[in-house]
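Colleague: Starting off with a structure, shown below.
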Amino acid sequence: MRMIRLSRLVFVVALVTVAFPAAGMAESSGGRVSDGPGCPTGGRVCLRAHSKLDFRVATERLDRLRYGRRSAIRVRVWNIRKWTATTVRVCARVPRKRARVVSVNGRGSIRYKGKSACWIVRRIKPKHSVVRLFDVSLRRRASRKGLTKIAVTVTAGNSNPLSHSFALVAAPHRHRHSHGSRRPGSGASSSSTCVPPNSLGIVFVTDVSESMEISDPTFLRSRAISVGLDQLPDGSIAAGTVFDEYTSELFGATTVDASTRPGLKQAAQQLYDYGGTDYQEAFLGAQEELNAMPGADKKAVVFLSDGAPNFLDFDANEAIAAAGIPIYTIGLGVDGFPEAEGILAGIAAGSGGQFYDATAAGQLQAIFGSIVSSLTCGAPNVIESFSLAPGESRSVPFSVESSDSEFRGLVTWSEGDISVSAQRPDGTMMTPGTLLGGEGFVSEPTYALLTGTNPLIGQWQITVTAAQGNVGNVDISVNVFRHSLAEPPPPPPAPGRHLDPCATAYPKFKSTTRKALGGKRTVYNRAASLDLVCGGFGAPEDLKLTPEMECALVAAAATFGGPPLGVNASRACDALAYADAFRTGNWLGAVAGQACGYFSDVFAGGVGTVAAGATAETGPGAVAIGLFTYRALAAGLKIACGGLLDGGAKALGVKLEADHETHIALDVTRKGRCIQLREVVHQLQWSAVACK
């Protein structure tokens, strides 16, 4: 709800509840308003009065906030009739020389007369209630003289008016303590020691009070929740609740993955706007969902409201903060209302969360994406906002470094028809129909999310195009987040010092020689067989293998022929120099033609396996030569030979006539076999046999 200027005050709480003689007619609101003999006595006074069975009233002085000579009066009015709506007029009056009513919040007609203010609502539905706050400022003289009377009068329909008077006393003046807030894009630092959670538990809490009809008439907050769900890694746990005067569940605590995400996003669209704003109910609902996430090792609450609460005596957020769970608060349209900002920022600061100021509903999707990205240790790379005229396009560049394990590009807009694509470093286009291994593309009516796990290293760019049929300009927000490798890549090898990838990968060289008919037979163990292939066995005689080529053979053997043996080659291969060579396709050198023919045999048909291995930090190829070098190899194979993994090398006319030794080398690399050598009458016979 939109927030007027609320004020701190100190006084004894006084409550009057107008009840009716009919049994069972008394209502209560979360235990705060009671009736008759059961009325609480701890600091509150309850009275009974009668009307003509049209309405019931509760008034309360608030003592939670203490801003010196300011007070707030909360008035709740129920329409208890079963069949008709009613009109209500609520007035608060104070002595002109001692105080003044400075504002009243809520929708409806408002009348100010200096010493009084009246709020008129044209229609309260049967069996529903409304709540409004009157903000009263006590004059300085009044604070010295003690008590100031305030009269609250309520009239509904043709009923007799109900009146109640009580006293306020000013509190000693205190300094306000402001809580700092960070805004999106303000450079809020994230810890360099951020540890991605194994299972993130998050509760999305969304305001659906009546004022949200104005703040967010097109329900972009539903899309914002969907963005958050799309940003969550598989295995996370999510819940969604909404609140007005009560809290209800959009979806309960659910593990998020490809099978559940569509249903959760659909549930997030079931929003409505009605009633008041009760933060206590909202945080109690969030606490219930958090309790249903015992498997989450990291939890958080994302809390959205378009103003301050009607009831300022809320404290359920304190229990969440005491459990070490951060609350990320978003104020929609509260800019210019410092008291509302202060309340939301204070909730965030007290829990270790962060406050976001959204001046318009169109910013909510990007904010939700930023929050979830920060919780999963994503670092912002690009943050841009611009406007596109019908038919206009714009490209936003971003870079993927060798130390990046993932990128997430989020493009959001409020209305209109927008198309989104991305260009990879190799010049190819990323669209929903042209995805490579590890890439994802989510396209929704108001946002697009492009993801790449172990993506191509280099310069990317996202292109956003507005449809010609748009009726006007469209505001676009582009946010790119990057996730880094768990460990930074190692530095390049020292000058003049290069390790032998083959010797490093296969140190346990062993062979067994026995006499055979007419000669002898030597069988090489698996390590020795791989070492022979790594050193050039089966390769064209005029193809001198470079360290990069040897690393590629080690990666192929580990990927296709089984897990690496004992000591791996990562010490020799996982270096920036080799990764850069793979990424650019320069690792084949001047003999690229012959090399492409040979390596097309080594990796033939392996596009799916290599791509899958490039997305797994524990994949055998990545373990063998180092994750980031293997990623670069997987990304650069097609660059080097024009799509050899898809058989493109054949079309280039560089495919070699594979000889017998090449077939043996492929059996060793791809099928996990061992090399056997028979020497018969001065002839050498090579073959591939099962390893013992």
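A note on labels: chains of the structure tokens are A, B, ... as shown, every chain counts residues from 1, and ligands are counted from 1 in their shown order.
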Using DSSP secondary structure from the backbone, list all alpha helix (DSSP H) positions within segment 176-283 of chain A, as a ChimeraX atom specification.
Modeller: /A:212-215,220-231,261-267,279-283
Colleague: Could you give me, as a list in words, the residues within 9 Å of segment 378-380 of chain A, counting only C-alpha atoms and dropping anything in the same chain fewer than 6 positions from it?
Modeller: Gly185, Ser190, Pro196, Ser370, Val372, Glu406, Phe407, Arg408, Asn479, Val480, Phe481, Arg482, His483 and Ser484 of chain A
Colleague: Taking the DSSP assignment computed from this structure's backbone, write out as a PyMOL selection string all residues of segment 219-410 of chain A that belong to strand (DSSP E or B).
Modeller: chain A and resi 237-243+247-255+298-305+327-332+355-358+379-388+393-400+404-410
Colleague: Considering only C-alpha atoms, can you say which of A:Ala296, A:Ile625, A:Ala577, A:Leu517 comes closest to Ala558 of chain A?
Modeller: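 Closest residue, counting only C-alpha atoms: A:Ile625.
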Colleague: Could you give me, as number ranges by chain, the residues within 9 Å of segment 527-543 of chain A, counting only C-alpha atoms and dropping anything in the same chain fewer than 5 positions from it?
Modeller: A: 501-503, 505-511, 549-554, 557, 565, 591, 594-595, 598, 656, 658-666, 668-669, 673-676
Colleague: Quick one: everything within 10 Å of Ala253 of chain A, counting only C-alpha atoms, minus sequence neighbours fewer than 6 positions away in the same chain. Send it as a list in words.
Modeller: Gly201, Ile202, Val203, Ser236, Ile237, Ala238, Ala239, Gly240, Glu288, Glu289, Leu290, Asn291, Ala292 and Met293 of chain A
Colleague: Take the residues from that selection and put them in a file with all heavy atoms, as an mmCIF file, in the first residue's frame.
Modeller:
data_model
loop_
_atom_site.group_PDB
_atom_site.id
_atom_site.type_symbol
_atom_site.label_atom_id
_atom_site.label_comp_id
_atom_site.auth_asym_id
_atom_site.auth_seq_id
_atom_site.Cartn_x
_atom_site.Cartn_y
_atom_site.Cartn_z
ATOM 1 N N GLY A 201 17.302 -22.291 -0.546
ATOM 2 C CA GLY A 201 15.884 -22.199 -0.239
ATOM 3 C C GLY A 201 15.452 -20.744 -0.234
ATOM 4 O O GLY A 201 16.035 -19.922 0.474
ATOM 5 N N ILE A 202 14.438 -20.403 -0.999
ATOM 6 C CA ILE A 202 14.039 -18.997 -1.142
ATOM 7 C C ILE A 202 12.518 -18.894 -1.118
ATOM 8 O O ILE A 202 11.815 -19.734 -1.697
ATOM 9 C CB ILE A 202 14.618 -18.396 -2.441
ATOM 10 C CG1 ILE A 202 14.379 -16.896 -2.502
ATOM 11 C CG2 ILE A 202 14.073 -19.090 -3.669
ATOM 12 C CD1 ILE A 202 15.182 -16.211 -3.606
ATOM 13 N N VAL A 203 12.015 -17.869 -0.420
ATOM 14 C CA VAL A 203 10.580 -17.607 -0.362
ATOM 15 C C VAL A 203 10.316 -16.253 -1.013
ATOM 16 O O VAL A 203 10.885 -15.237 -0.607
ATOM 17 C CB VAL A 203 10.065 -17.591 1.094
ATOM 18 C CG1 VAL A 203 8.549 -17.392 1.103
ATOM 19 C CG2 VAL A 203 10.430 -18.884 1.807
ATOM 20 N N SER A 236 17.306 -26.291 -6.239
ATOM 21 C CA SER A 236 16.919 -25.283 -5.255
ATOM 22 C C SER A 236 15.498 -25.565 -4.770
ATOM 23 O O SER A 236 14.741 -26.314 -5.383
ATOM 24 C CB SER A 236 16.991 -23.884 -5.868
ATOM 25 O OG SER A 236 18.281 -23.597 -6.362
ATOM 26 N N ILE A 237 15.136 -24.942 -3.648
ATOM 27 C CA ILE A 237 13.795 -25.088 -3.091
ATOM 28 C C ILE A 237 13.151 -23.708 -3.060
ATOM 29 O O ILE A 237 13.733 -22.753 -2.546
ATOM 30 C CB ILE A 237 13.829 -25.681 -1.677
ATOM 31 C CG1 ILE A 237 14.597 -27.008 -1.676
ATOM 32 C CG2 ILE A 237 12.417 -25.903 -1.143
ATOM 33 C CD1 ILE A 237 14.827 -27.572 -0.290
ATOM 34 N N ALA A 238 11.950 -23.586 -3.614
ATOM 35 C CA ALA A 238 11.285 -22.290 -3.703
ATOM 36 C C ALA A 238 9.863 -22.394 -3.185
ATOM 37 O O ALA A 238 9.219 -23.448 -3.280
ATOM 38 C CB ALA A 238 11.281 -21.778 -5.137
ATOM 39 N N ALA A 239 9.384 -21.287 -2.628
ATOM 40 C CA ALA A 239 7.994 -21.156 -2.210
ATOM 41 C C ALA A 239 7.540 -19.744 -2.550
ATOM 42 O O ALA A 239 8.359 -18.816 -2.618
ATOM 43 C CB ALA A 239 7.829 -21.431 -0.720
ATOM 44 N N GLY A 240 6.241 -19.571 -2.763
ATOM 45 C CA GLY A 240 5.695 -18.259 -3.086
ATOM 46 C C GLY A 240 4.451 -17.978 -2.267
ATOM 47 O O GLY A 240 3.551 -18.826 -2.182
ATOM 48 N N GLU A 288 6.642 -20.017 7.884
ATOM 49 C CA GLU A 288 6.118 -21.368 7.675
ATOM 50 C C GLU A 288 6.776 -22.037 6.474
ATOM 51 O O GLU A 288 7.106 -23.233 6.515
ATOM 52 C CB GLU A 288 4.605 -21.322 7.492
ATOM 53 C CG GLU A 288 3.830 -20.946 8.749
ATOM 54 C CD GLU A 288 2.332 -20.974 8.512
ATOM 55 O OE1 GLU A 288 1.913 -21.423 7.419
ATOM 56 O OE2 GLU A 288 1.580 -20.539 9.410
ATOM 57 N N GLU A 289 6.967 -21.294 5.400
ATOM 58 C CA GLU A 289 7.597 -21.877 4.207
ATOM 59 C C GLU A 289 9.074 -22.191 4.470
ATOM 60 O O GLU A 289 9.584 -23.218 4.017
ATOM 61 C CB GLU A 289 7.462 -20.923 3.023
ATOM 62 C CG GLU A 289 6.031 -20.591 2.637
ATOM 63 C CD GLU A 289 5.232 -21.797 2.166
ATOM 64 O OE1 GLU A 289 5.845 -22.839 1.852
ATOM 65 O OE2 GLU A 289 3.993 -21.709 2.140
ATOM 66 N N LEU A 290 9.764 -21.312 5.180
ATOM 67 C CA LEU A 290 11.168 -21.573 5.508
ATOM 68 C C LEU A 290 11.300 -22.833 6.348
ATOM 69 O O LEU A 290 12.256 -23.608 6.185
ATOM 70 C CB LEU A 290 11.767 -20.379 6.244
ATOM 71 C CG LEU A 290 11.934 -19.089 5.427
ATOM 72 C CD1 LEU A 290 12.273 -17.927 6.343
ATOM 73 C CD2 LEU A 290 13.025 -19.255 4.371
ATOM 74 N N ASN A 291 10.363 -23.052 7.265
ATOM 75 C CA ASN A 291 10.410 -24.249 8.106
ATOM 76 C C ASN A 291 10.225 -25.519 7.289
ATOM 77 O O ASN A 291 10.620 -26.610 7.732
ATOM 78 C CB ASN A 291 9.330 -24.178 9.192
ATOM 79 C CG ASN A 291 9.596 -23.083 10.204
ATOM 80 O OD1 ASN A 291 10.730 -22.625 10.364
ATOM 81 N ND2 ASN A 291 8.557 -22.645 10.900
ATOM 82 N N ALA A 292 9.620 -25.383 6.112
ATOM 83 C CA ALA A 292 9.390 -26.542 5.244
ATOM 84 C C ALA A 292 10.564 -26.798 4.306
ATOM 85 O O ALA A 292 10.427 -27.570 3.358
ATOM 86 C CB ALA A 292 8.109 -26.337 4.437
ATOM 87 N N MET A 293 11.714 -26.154 4.555
ATOM 88 C CA MET A 293 12.901 -26.313 3.706
ATOM 89 C C MET A 293 14.092 -26.812 4.518
ATOM 90 O O MET A 293 15.156 -26.191 4.531
ATOM 91 C CB MET A 293 13.270 -24.979 3.054
ATOM 92 C CG MET A 293 12.184 -24.366 2.197
ATOM 93 S SD MET A 293 12.704 -22.754 1.526
ATOM 94 C CE MET A 293 11.257 -22.298 0.572
#
Colleague: Could you tell me which of A:Thr629, A:Gln231, A:Thr465, A:Gln459 comes closest to Val256 of chain A if we count only C-alpha atoms?
Modeller: A:Gln231
